[in-house]
$ cat my_file00.cif   # mmCIF, C-alpha atoms and all ligand atoms
data_input
#
loop_
_atom_site.group_PDB
_atom_site.id
_atom_site.type_symbol
_atom_site.label_atom_id
_atom_site.label_comp_id
_atom_site.auth_asym_id
_atom_site.auth_seq_id
_atom_site.Cartn_x
_atom_site.Cartn_y
_atom_site.Cartn_z
ATOM 1 C CA MET A 103 -8.643 -2.144 -32.718
ATOM 2 C CA VAL A 104 -6.601 -3.420 -29.816
ATOM 3 C CA ALA A 105 -7.846 -3.731 -26.241
ATOM 4 C CA ALA A 106 -5.644 -1.642 -23.940
ATOM 5 C CA ILE A 107 -5.694 -2.258 -20.196
ATOM 6 C CA ASP A 108 -4.264 -0.339 -17.259
ATOM 7 C CA ILE A 109 -4.218 -2.364 -14.029
ATOM 8 C CA GLY A 110 -4.222 -0.040 -11.031
ATOM 9 C CA GLY A 111 -4.544 -0.565 -7.303
ATOM 10 C CA THR A 112 -8.086 0.863 -7.328
ATOM 11 C CA ASN A 113 -9.426 0.177 -10.815
ATOM 12 C CA VAL A 114 -8.750 -1.892 -13.885
ATOM 13 C CA ARG A 115 -9.343 0.503 -16.786
ATOM 14 C CA GLY A 116 -9.619 -0.426 -20.418
ATOM 15 C CA GLY A 117 -10.379 0.972 -23.843
ATOM 16 C CA LEU A 118 -10.366 0.124 -27.539
ATOM 17 C CA VAL A 119 -7.607 1.942 -29.394
ATOM 18 C CA ASP A 120 -6.896 2.230 -33.125
ATOM 19 C CA ARG A 121 -3.537 2.686 -34.841
ATOM 20 C CA GLU A 122 -3.716 6.474 -34.515
ATOM 21 C CA GLY A 123 -4.337 6.426 -30.774
ATOM 22 C CA ASN A 124 -8.069 7.175 -30.831
ATOM 23 C CA ILE A 125 -9.756 5.662 -27.776
ATOM 24 C CA THR A 126 -13.355 4.414 -27.707
ATOM 25 C CA GLY A 127 -15.417 2.325 -25.311
ATOM 26 C CA MET A 128 -13.530 3.313 -22.153
ATOM 27 C CA THR A 129 -14.570 1.213 -19.201
ATOM 28 C CA HIS A 130 -13.394 0.437 -15.678
ATOM 29 C CA ARG A 131 -14.112 -1.888 -12.789
ATOM 30 C CA PRO A 132 -12.870 -1.973 -9.174
ATOM 31 C CA SER A 133 -9.701 -4.094 -9.270
ATOM 32 C CA HIS A 134 -10.089 -5.791 -5.832
ATOM 33 C CA ALA A 135 -6.291 -6.100 -6.014
ATOM 34 C CA ALA A 136 -5.919 -6.412 -2.229
ATOM 35 C CA GLU A 137 -7.990 -9.657 -2.391
ATOM 36 C CA GLY A 138 -5.213 -11.156 -4.477
ATOM 37 C CA ARG A 139 -4.507 -12.759 -7.792
ATOM 38 C CA GLY A 140 -7.803 -14.629 -8.308
ATOM 39 C CA ALA A 141 -9.998 -11.555 -7.808
ATOM 40 C CA LEU A 142 -7.784 -9.370 -9.974
ATOM 41 C CA LEU A 143 -7.681 -11.901 -12.832
ATOM 42 C CA GLU A 144 -11.485 -12.128 -12.719
ATOM 43 C CA THR A 145 -11.754 -8.333 -13.031
ATOM 44 C CA LEU A 146 -9.178 -8.275 -15.841
ATOM 45 C CA LYS A 147 -11.115 -10.928 -17.774
ATOM 46 C CA ALA A 148 -14.408 -9.060 -17.292
ATOM 47 C CA VAL A 149 -12.930 -5.805 -18.637
ATOM 48 C CA ILE A 150 -11.355 -7.529 -21.670
ATOM 49 C CA ASP A 151 -14.585 -9.451 -22.389
ATOM 50 C CA GLU A 152 -16.590 -6.220 -22.279
ATOM 51 C CA LEU A 153 -14.218 -4.621 -24.799
ATOM 52 C CA ARG A 154 -14.098 -7.553 -27.224
ATOM 53 C CA THR A 155 -17.860 -7.923 -27.126
ATOM 54 C CA ALA A 156 -18.150 -4.302 -28.236
ATOM 55 C CA HIS A 157 -15.656 -4.707 -31.110
ATOM 56 C CA PRO A 158 -13.369 -7.451 -32.492
ATOM 57 C CA ILE A 159 -9.788 -7.051 -31.230
ATOM 58 C CA ALA A 160 -6.456 -7.898 -32.881
ATOM 59 C CA ALA A 161 -4.407 -7.989 -29.662
ATOM 60 C CA VAL A 162 -4.394 -6.996 -25.999
ATOM 61 C CA GLY A 163 -1.868 -4.647 -24.358
ATOM 62 C CA ILE A 164 -1.650 -4.556 -20.570
ATOM 63 C CA GLY A 165 0.118 -2.342 -18.044
ATOM 64 C CA SER A 166 0.609 -3.808 -14.572
ATOM 65 C CA PRO A 167 2.475 -2.689 -11.469
ATOM 66 C CA GLY A 168 5.612 -4.692 -10.658
ATOM 67 C CA SER A 169 8.620 -6.053 -12.523
ATOM 68 C CA ILE A 170 7.410 -7.809 -15.654
ATOM 69 C CA ASN A 171 9.076 -10.343 -17.899
ATOM 70 C CA HIS A 172 7.794 -8.791 -21.099
ATOM 71 C CA ARG A 173 9.093 -11.664 -23.258
ATOM 72 C CA ASP A 174 6.947 -14.387 -21.684
ATOM 73 C CA GLY A 175 4.218 -12.213 -20.131
ATOM 74 C CA ILE A 176 4.874 -13.352 -16.558
ATOM 75 C CA ILE A 177 4.934 -11.077 -13.492
ATOM 76 C CA ARG A 178 8.486 -11.423 -12.219
ATOM 77 C CA TYR A 179 8.004 -9.587 -8.919
ATOM 78 C CA MET A 180 5.265 -7.602 -7.239
ATOM 79 C CA GLN A 181 5.326 -6.253 -3.684
ATOM 80 C CA ALA A 182 2.637 -7.341 -1.222
ATOM 81 C CA HIS A 183 0.019 -4.834 -2.541
ATOM 82 C CA ILE A 184 -1.348 -7.561 -4.864
ATOM 83 C CA PRO A 185 -1.050 -10.886 -2.998
ATOM 84 C CA GLY A 186 -0.003 -13.761 -5.270
ATOM 85 C CA TRP A 187 0.645 -11.553 -8.321
ATOM 86 C CA THR A 188 4.354 -12.568 -8.470
ATOM 87 C CA GLY A 189 4.676 -15.453 -10.933
ATOM 88 C CA THR A 190 1.252 -14.981 -12.558
ATOM 89 C CA PRO A 191 1.434 -15.736 -16.323
ATOM 90 C CA VAL A 192 -0.840 -12.833 -17.284
ATOM 91 C CA GLY A 193 0.136 -12.731 -20.973
ATOM 92 C CA PRO A 194 -0.435 -16.467 -21.656
ATOM 93 C CA LEU A 195 -3.720 -16.421 -19.672
ATOM 94 C CA VAL A 196 -5.092 -13.486 -21.666
ATOM 95 C CA THR A 197 -4.151 -15.209 -24.949
ATOM 96 C CA GLU A 198 -5.908 -18.363 -23.718
ATOM 97 C CA TRP A 199 -9.079 -16.357 -22.930
ATOM 98 C CA THR A 200 -9.156 -14.287 -26.105
ATOM 99 C CA GLY A 201 -7.269 -16.226 -28.808
ATOM 100 C CA VAL A 202 -5.239 -13.123 -29.719
ATOM 101 C CA PRO A 203 -1.652 -12.075 -28.809
ATOM 102 C CA ALA A 204 -1.203 -10.310 -25.482
ATOM 103 C CA ALA A 205 1.691 -8.054 -24.503
ATOM 104 C CA ILE A 206 2.322 -6.888 -20.950
ATOM 105 C CA ASP A 207 4.733 -4.421 -19.408
ATOM 106 C CA ASN A 208 5.208 -2.335 -16.283
ATOM 107 C CA ASP A 209 2.477 0.305 -15.936
ATOM 108 C CA VAL A 210 4.831 3.286 -15.691
ATOM 109 C CA ASN A 211 6.918 2.069 -18.652
ATOM 110 C CA LEU A 212 3.672 2.213 -20.621
ATOM 111 C CA ILE A 213 2.790 5.706 -19.355
ATOM 112 C CA ALA A 214 6.170 6.746 -20.798
ATOM 113 C CA LEU A 215 5.479 4.893 -24.073
ATOM 114 C CA GLY A 216 2.056 6.561 -24.408
ATOM 115 C CA GLU A 217 3.575 10.019 -23.948
ATOM 116 C CA ASN A 218 6.262 9.087 -26.490
ATOM 117 C CA TRP A 219 3.658 7.972 -29.021
ATOM 118 C CA ILE A 220 1.259 10.916 -29.077
ATOM 119 C CA GLY A 221 1.965 12.997 -25.967
ATOM 120 C CA ALA A 222 4.592 15.279 -24.469
ATOM 121 C CA GLY A 223 7.499 13.107 -25.670
ATOM 122 C CA LYS A 224 6.343 12.776 -29.279
ATOM 123 C CA GLY A 225 9.252 12.949 -31.714
ATOM 124 C CA SER A 226 11.949 12.527 -29.052
ATOM 125 C CA ARG A 227 14.700 9.925 -29.446
ATOM 126 C CA CYS A 228 15.594 9.570 -25.791
ATOM 127 C CA GLN A 229 12.773 10.304 -23.382
ATOM 128 C CA LEU A 230 12.783 9.850 -19.634
ATOM 129 C CA SER A 231 9.519 9.936 -17.713
ATOM 130 C CA ILE A 232 8.708 10.399 -14.070
ATOM 131 C CA ALA A 233 5.189 9.707 -12.803
ATOM 132 C CA LEU A 234 4.368 11.010 -9.344
ATOM 133 C CA GLY A 235 1.538 9.058 -7.759
ATOM 134 C CA THR A 236 1.261 6.918 -4.655
ATOM 135 C CA GLY A 237 4.915 6.261 -5.392
ATOM 136 C CA LEU A 238 7.364 7.658 -7.902
ATOM 137 C CA GLY A 239 7.618 5.615 -11.101
ATOM 138 C CA GLY A 240 9.842 6.016 -14.117
ATOM 139 C CA GLY A 241 10.150 5.059 -17.744
ATOM 140 C CA ILE A 242 12.832 5.190 -20.430
ATOM 141 C CA VAL A 243 11.882 5.224 -24.123
ATOM 142 C CA ILE A 244 14.674 5.156 -26.691
ATOM 143 C CA ASN A 245 13.883 5.373 -30.410
ATOM 144 C CA GLY A 246 10.240 4.585 -29.703
ATOM 145 C CA ARG A 247 10.883 1.488 -27.613
ATOM 146 C CA VAL A 248 10.761 0.907 -23.879
ATOM 147 C CA MET A 249 14.125 0.162 -22.295
ATOM 148 C CA ARG A 250 13.481 -2.548 -19.715
ATOM 149 C CA GLY A 251 16.835 -3.751 -18.422
ATOM 150 C CA ALA A 252 17.923 -7.292 -17.569
ATOM 151 C CA LEU A 253 15.190 -7.976 -15.006
ATOM 152 C CA GLY A 254 12.485 -5.589 -16.216
ATOM 153 C CA ARG A 255 13.493 -3.205 -13.440
ATOM 154 C CA ALA A 256 15.069 -0.393 -15.440
ATOM 155 C CA ALA A 257 13.780 3.102 -14.680
ATOM 156 C CA GLU A 258 12.826 2.428 -11.058
ATOM 157 C CA PHE A 259 13.672 6.087 -10.514
ATOM 158 C CA GLY A 260 11.649 6.199 -7.288
ATOM 159 C CA HIS A 261 14.253 4.034 -5.581
ATOM 160 C CA VAL A 262 17.259 6.106 -6.525
ATOM 161 C CA ILE A 263 18.799 6.912 -3.145
ATOM 162 C CA VAL A 264 19.148 10.654 -2.570
ATOM 163 C CA VAL A 265 19.796 10.645 1.199
ATOM 164 C CA PRO A 266 22.275 7.962 2.332
ATOM 165 C CA ASN A 267 20.789 6.267 5.432
ATOM 166 C CA GLY A 268 17.733 8.534 5.116
ATOM 167 C CA GLU A 269 14.108 7.756 5.943
ATOM 168 C CA PRO A 270 12.858 4.183 5.386
ATOM 169 C CA CYS A 271 11.189 3.291 2.081
ATOM 170 C CA THR A 272 8.587 0.582 1.377
ATOM 171 C CA CYS A 273 11.200 -1.171 -0.811
ATOM 172 C CA GLY A 274 13.341 -2.042 2.206
ATOM 173 C CA ASN A 275 16.039 0.577 1.626
ATOM 174 C CA TYR A 276 16.579 4.013 3.175
ATOM 175 C CA GLY A 277 16.607 7.484 1.660
ATOM 176 C CA CYS A 278 14.946 6.732 -1.711
ATOM 177 C CA VAL A 279 13.667 9.791 -3.591
ATOM 178 C CA GLU A 280 10.123 8.370 -3.417
ATOM 179 C CA VAL A 281 10.102 8.867 0.361
ATOM 180 C CA TYR A 282 10.561 12.626 -0.080
ATOM 181 C CA THR A 283 8.710 13.313 -3.325
ATOM 182 C CA ALA A 284 5.724 11.035 -3.914
ATOM 183 C CA PRO A 285 2.468 12.589 -2.659
ATOM 184 C CA GLY A 286 1.514 9.486 -0.664
ATOM 185 C CA ALA A 287 4.894 9.464 1.041
ATOM 186 C CA MET A 288 4.692 13.199 1.795
ATOM 187 C CA VAL A 289 1.426 12.573 3.627
ATOM 188 C CA ARG A 290 3.127 9.887 5.743
ATOM 189 C CA ARG A 291 5.953 12.351 6.492
ATOM 190 C CA VAL A 292 3.611 15.130 7.591
ATOM 191 C CA HIS A 293 1.828 12.724 9.961
ATOM 192 C CA HIS A 294 5.174 11.726 11.439
ATOM 193 C CA TYR A 295 6.204 15.345 12.111
ATOM 194 C CA LEU A 296 2.792 16.239 13.540
ATOM 195 C CA ARG A 297 2.979 13.242 15.901
ATOM 196 C CA ILE A 298 6.264 14.465 17.356
ATOM 197 C CA GLY A 299 4.785 17.942 17.875
ATOM 198 C CA VAL A 300 6.170 20.048 15.018
ATOM 199 C CA PRO A 301 3.858 23.103 14.806
ATOM 200 C CA SER A 302 1.733 23.394 11.662
ATOM 201 C CA ALA A 303 -1.684 24.583 10.508
ATOM 202 C CA LEU A 304 -2.419 20.900 9.833
ATOM 203 C CA ALA A 305 -2.026 19.898 13.513
ATOM 204 C CA GLY A 306 -5.112 18.033 14.738
ATOM 205 C CA ARG A 307 -6.364 17.295 11.196
ATOM 206 C CA LYS A 308 -7.064 13.620 10.458
ATOM 207 C CA ASP A 309 -7.641 13.239 6.722
ATOM 208 C CA ILE A 310 -4.623 15.054 5.354
ATOM 209 C CA SER A 311 -3.960 14.851 1.615
ATOM 210 C CA ALA A 312 -1.046 16.034 -0.509
ATOM 211 C CA LYS A 313 -3.375 18.827 -1.657
ATOM 212 C CA ASP A 314 -3.594 20.100 1.939
ATOM 213 C CA ILE A 315 0.210 20.160 2.190
ATOM 214 C CA ILE A 316 0.384 22.144 -1.062
ATOM 215 C CA GLU A 317 -2.342 24.587 0.028
ATOM 216 C CA GLU A 318 -0.853 25.252 3.468
ATOM 217 C CA GLY A 319 2.642 25.463 1.961
ATOM 218 C CA ALA A 320 1.408 28.155 -0.429
ATOM 219 C CA LYS A 321 0.070 30.107 2.579
ATOM 220 C CA GLY A 322 3.506 29.890 4.219
ATOM 221 C CA ASP A 323 3.042 27.079 6.758
ATOM 222 C CA HIS A 324 6.591 26.274 7.858
ATOM 223 C CA LEU A 325 6.308 22.470 8.016
ATOM 224 C CA CYS A 326 4.471 22.175 4.681
ATOM 225 C CA ARG A 327 6.891 24.599 3.057
ATOM 226 C CA ARG A 328 9.783 22.508 4.334
ATOM 227 C CA LEU A 329 8.290 19.261 2.979
ATOM 228 C CA LEU A 330 7.703 20.842 -0.450
ATOM 229 C CA ASP A 331 11.266 22.182 -0.516
ATOM 230 C CA ASP A 332 12.608 18.724 0.423
ATOM 231 C CA ALA A 333 10.547 17.222 -2.419
ATOM 232 C CA ALA A 334 11.806 19.806 -4.904
ATOM 233 C CA ARG A 335 15.428 19.331 -3.883
ATOM 234 C CA CYS A 336 15.293 15.528 -4.066
ATOM 235 C CA LEU A 337 13.452 15.448 -7.407
ATOM 236 C CA ALA A 338 15.859 17.987 -8.909
ATOM 237 C CA LEU A 339 18.810 15.903 -7.717
ATOM 238 C CA VAL A 340 17.465 12.787 -9.454
ATOM 239 C CA VAL A 341 16.598 14.678 -12.642
ATOM 240 C CA TRP A 342 20.091 16.169 -12.724
ATOM 241 C CA ASN A 343 21.810 12.829 -12.137
ATOM 242 C CA LEU A 344 19.686 11.107 -14.794
ATOM 243 C CA MET A 345 20.581 13.856 -17.194
ATOM 244 C CA GLN A 346 24.275 13.082 -16.666
ATOM 245 C CA ILE A 347 23.631 9.422 -17.502
ATOM 246 C CA PHE A 348 21.209 9.695 -20.432
ATOM 247 C CA ASP A 349 21.422 13.223 -21.865
ATOM 248 C CA PRO A 350 17.756 12.861 -22.887
ATOM 249 C CA ASP A 351 15.899 15.027 -25.409
ATOM 250 C CA VAL A 352 13.098 15.435 -22.943
ATOM 251 C CA PHE A 353 11.955 14.670 -19.434
ATOM 252 C CA VAL A 354 8.215 14.164 -19.142
ATOM 253 C CA ILE A 355 7.027 14.600 -15.582
ATOM 254 C CA GLY A 356 3.418 14.103 -14.580
ATOM 255 C CA GLY A 357 1.021 13.685 -11.705
ATOM 256 C CA GLY A 358 1.065 14.794 -8.109
ATOM 257 C CA LEU A 359 3.263 17.785 -7.388
ATOM 258 C CA MET A 360 3.524 18.868 -11.022
ATOM 259 C CA LYS A 361 -0.057 20.100 -10.610
ATOM 260 C CA ALA A 362 0.897 22.145 -7.529
ATOM 261 C CA GLY A 363 2.034 25.189 -9.512
ATOM 262 C CA LYS A 364 4.542 27.769 -8.286
ATOM 263 C CA VAL A 365 4.724 26.506 -4.714
ATOM 264 C CA PHE A 366 6.536 23.392 -5.967
ATOM 265 C CA LEU A 367 7.749 24.267 -9.463
ATOM 266 C CA ASP A 368 9.642 27.412 -8.379
ATOM 267 C CA PRO A 369 11.862 25.650 -5.814
ATOM 268 C CA PHE A 370 12.230 22.689 -8.210
ATOM 269 C CA HIS A 371 13.542 24.873 -11.061
ATOM 270 C CA ASN A 372 15.629 26.995 -8.654
ATOM 271 C CA GLU A 373 17.205 23.804 -7.383
ATOM 272 C CA LEU A 374 18.017 22.635 -10.939
ATOM 273 C CA ASP A 375 19.503 26.067 -11.715
ATOM 274 C CA ARG A 376 22.011 25.573 -8.898
ATOM 275 C CA TYR A 377 23.832 22.881 -10.864
ATOM 276 C CA TYR A 378 26.486 24.122 -13.219
ATOM 277 C CA GLN A 379 26.348 23.455 -16.934
ATOM 278 C CA PRO A 380 28.535 25.242 -19.516
ATOM 279 C CA PRO A 381 26.452 27.851 -21.378
ATOM 280 C CA GLU A 382 27.391 26.143 -24.661
ATOM 281 C CA LEU A 383 25.344 23.153 -23.552
ATOM 282 C CA THR A 384 22.142 25.033 -22.853
ATOM 283 C CA PRO A 385 19.197 24.660 -22.952
ATOM 284 C CA LEU A 386 19.917 22.866 -19.749
ATOM 285 C CA ILE A 387 17.091 20.358 -19.628
ATOM 286 C CA THR A 388 13.819 20.188 -21.540
ATOM 287 C CA ILE A 389 11.169 19.349 -18.987
ATOM 288 C CA ARG A 390 7.601 18.953 -20.106
ATOM 289 C CA VAL A 391 4.539 18.239 -18.046
ATOM 290 C CA SER A 392 2.722 15.088 -19.247
ATOM 291 C CA LYS A 393 0.028 15.743 -21.837
ATOM 292 C CA LEU A 394 -2.114 12.623 -21.775
ATOM 293 C CA GLY A 395 -3.053 12.649 -18.075
ATOM 294 C CA ASP A 396 -4.905 9.539 -16.912
ATOM 295 C CA ASN A 397 -5.037 8.090 -20.436
ATOM 296 C CA ALA A 398 -1.258 7.805 -20.860
ATOM 297 C CA GLY A 399 -1.185 4.238 -19.480
ATOM 298 C CA ILE A 400 -4.025 3.036 -21.742
ATOM 299 C CA LEU A 401 -2.385 4.614 -24.802
ATOM 300 C CA GLY A 402 0.989 3.100 -23.905
ATOM 301 C CA ALA A 403 -0.616 -0.341 -23.532
ATOM 302 C CA ALA A 404 -2.206 0.110 -26.966
ATOM 303 C CA ARG A 405 1.098 1.200 -28.496
ATOM 304 C CA LEU A 406 2.792 -1.896 -27.038
ATOM 305 C CA ALA A 407 0.055 -4.146 -28.462
ATOM 306 C CA TRP A 408 0.525 -2.609 -31.933
ATOM 307 C CA GLN A 409 4.313 -2.970 -31.652
ATOM 308 C CA TRP A 410 3.825 -6.574 -30.566
ATOM 309 C CA LEU A 411 1.585 -7.290 -33.571
ATOM 310 C CA ASP A 412 4.024 -5.610 -35.954
ATOM 311 C CA GLY A 413 6.965 -7.515 -34.445
ATOM 312 C CA THR A 414 8.792 -4.268 -33.667
ATOM 313 C CA ASP A 415 9.200 -4.899 -29.931
ATOM 314 C CA ARG A 416 9.490 -8.588 -29.198
ATOM 315 C CA ASP A 417 13.153 -9.136 -28.362
HETATM 316 ZN ZN ZN B 1 12.850 2.611 -2.117
#

$ encode --input "my_file00.cif" --output "structure tokens" --more "lines below"
Ligand SMILES: [Zn+2]
Amino acid sequence: MVAAIDIGGTNVRGGLVDREGNITGMTHRPSHAAEGRGALLETLKAVIDELRTAHPIAAVGIGSPGSINHRDGIIRYMQAHIPGWTGTPVGPLVTEWTGVPAAIDNDVNLIALGENWIGAGKGSRCQLSIALGTGLGGGIVINGRVMRGALGRAAEFGHVIVVPNGEPCTCGNYGCVEVYTAPGAMVRRVHHYLRIGVPSALAGRKDISAKDIIEEGAKGDHLCRRLLDDAARCLALVVWNLMQIFDPDVFVIGGGLMKAGKVFLDPFHNELDRYYQPPELTPLITIRVSKLGDNAGILGAARLAWQWLDGTDRD
């Protein structure tokens, strides 16, 4: 067994995973990430200790937000959401605690790796993944291995700019696809338009979620409909552009709006259909909805740990 860990903003989740991808002993604890590095490391250690008490482990695989130096296990850069996380030597610390090898990578890279192992991307040679959550994350898996780039920042698809000088993004730039497509960002957009008086069935509501935008959009609310169409257009633009660069076997898209059904998927596919591709090169794009759901990150972390042990992904 390996211990597989998924560090999230709300929870640190973990499980024991065998070589076939069977998960046992799933556990989770509140991450206290906003309290900073010390609190998060304490939670991480508690989750790993719980797992290795239940069963001996051969290695630990960890998914974390941020840009990760996967070779030395150090967090290269993390935005302010986890104070002090930049520079933390997570891999070496975990090895010190447990006495076994520890491999760490970006959380969305590992979602992609999990789907490539036993999910919607199984058997593909070039798989691109998009995960819609608070933000929009991406992953590239080629021949079963994560492609990380020079600084561990490859596949930051959320910060592909789709509207030059568009709306501001948390990354410091303007017009990133995340601003128009990620559920959390759509909620911020709807609040902005309601504040300036755009009419909508959501006017006067305080706790608005992406689900509310989807529901009202399906009923024909003009503002919600508009936001969903913007999201579909921007996501389709990024998918199309990525297809020109990678020509992937499969796109795996999961989370957020992919669960919205026709109200989002129809305009998204209509938008993709607008781009021209010679009929000889069809099928145009194979898009699959993620299969592993919330367990994709844990399974990807486990896959990385096994690859690390086998020496197949250590470059
Ligand atoms: Zn951005």

$ resolve_selection --input "my_file00.cif" --expression "the PyMOL selection byres (((chain A and resi 407) around 12) and not hetatm)" --output "PyMOL selection string"
chain A and resi 103-107+118-121+123+159-165+172+193+202-207+212+215-216+400-406+408-416

$ residues_around --input "my_file00.cif" --residues "Gly286 in chain A" --least-positions-apart "2" --cutoff "12 Å" --atoms "only C-alpha atoms" --output "number ranges by chain"
A: 234-238, 271-272, 280-284, 288-293, 310-313, 315, 357-359

$ atom_distance --input "my_file00.cif" --atom1 "CA of Gly306 in chain A" --atom2 "CA of Pro270 in chain A"
24.5 Å

$ residues_around --input "my_file00.cif" --residues "range 331-337 of chain A" --least-positions-apart "2" --cutoff "9 Å" --atoms "all atoms listed in the file" --output "list of chain:residue names"
A:Val264, A:Val265, A:Val279, A:Glu280, A:Val281, A:Tyr282, A:Thr283, A:Ala284, A:Met288, A:Cys326, A:Arg327, A:Arg328, A:Leu329, A:Leu339, A:Val340, A:Val341, A:Trp342, A:Leu359, A:Val365, A:Phe366, A:Leu367, A:Asp368, A:Pro369, A:Phe370, A:His371, A:Asn372, A:Glu373, A:Leu374

$ atom_distance --input "my_file00.cif" --atom1 "CA of Gly117 in chain A" --atom2 "CA of Asn171 in chain A"
23.3 Å

$ residues_near_ligand --input "my_file00.cif" --ligand "ligand ZN 1 (chain B)" --cutoff "7 Å" --atoms "only C-alpha atoms and all ligand atoms" --output "list in words"
Gly260, His261, Cys271, Thr272, Cys273, Gly274, Asn275, Tyr276, Cys278 and Glu280 of chain A

$ atom_distance --input "my_file00.cif" --atom1 "CA of Lys308 in chain A" --atom2 "CA of Ile355 in chain A"
29.6 Å

$ resolve_selection --input "my_file00.cif" --expression "the PyMOL selection byres (((chain A and resi 391) around 9) and not hetatm)" --output "JSON, numbers by chain"
{"A": [222, 353, 354, 355, 356, 357, 360, 361, 389, 390, 392, 393]}

$ write_last_selection --input "my_file00.cif" --atoms "C-alpha atoms" --output "CSV table (one decimal), in the coordinates of the input"
chain,number,residue,atom,x,y,z
A,222,ALA,CA,4.6,15.3,-24.5
A,353,PHE,CA,12.0,14.7,-19.4
A,354,VAL,CA,8.2,14.2,-19.1
A,355,ILE,CA,7.0,14.6,-15.6
A,356,GLY,CA,3.4,14.1,-14.6
A,357,GLY,CA,1.0,13.7,-11.7
A,360,MET,CA,3.5,18.9,-11.0
A,361,LYS,CA,-0.1,20.1,-10.6
A,389,ILE,CA,11.2,19.3,-19.0
A,390,ARG,CA,7.6,19.0,-20.1
A,392,SER,CA,2.7,15.1,-19.2
A,393,LYS,CA,0.0,15.7,-21.8

$ axis_aligned_box --input "my_file00.cif" --around "range 274-286 of chain A" --padding-each-side "3 Å" --output "AutoDock Vina command-line options"
--center_x 9.1 --center_y 5.6 --center_z -0.4 --size_x 21.1 --size_y 21.4 --size_z 13.1

$ resolve_selection --input "my_file00.cif" --expression "the PyMOL selection byres (((chain A and resi 167) around 10) and not hetatm)" --output "list in words"
Asp108, Ile109, Gly110, Gly111, Gly165, Ser166, Gly168, Ser169, Ile170, Ile177, Tyr179, Met180, Gln181, His183, Ile184, Trp187, Asp207, Asn208, Asp209, Val210, Asn211 and Gly239 of chain A
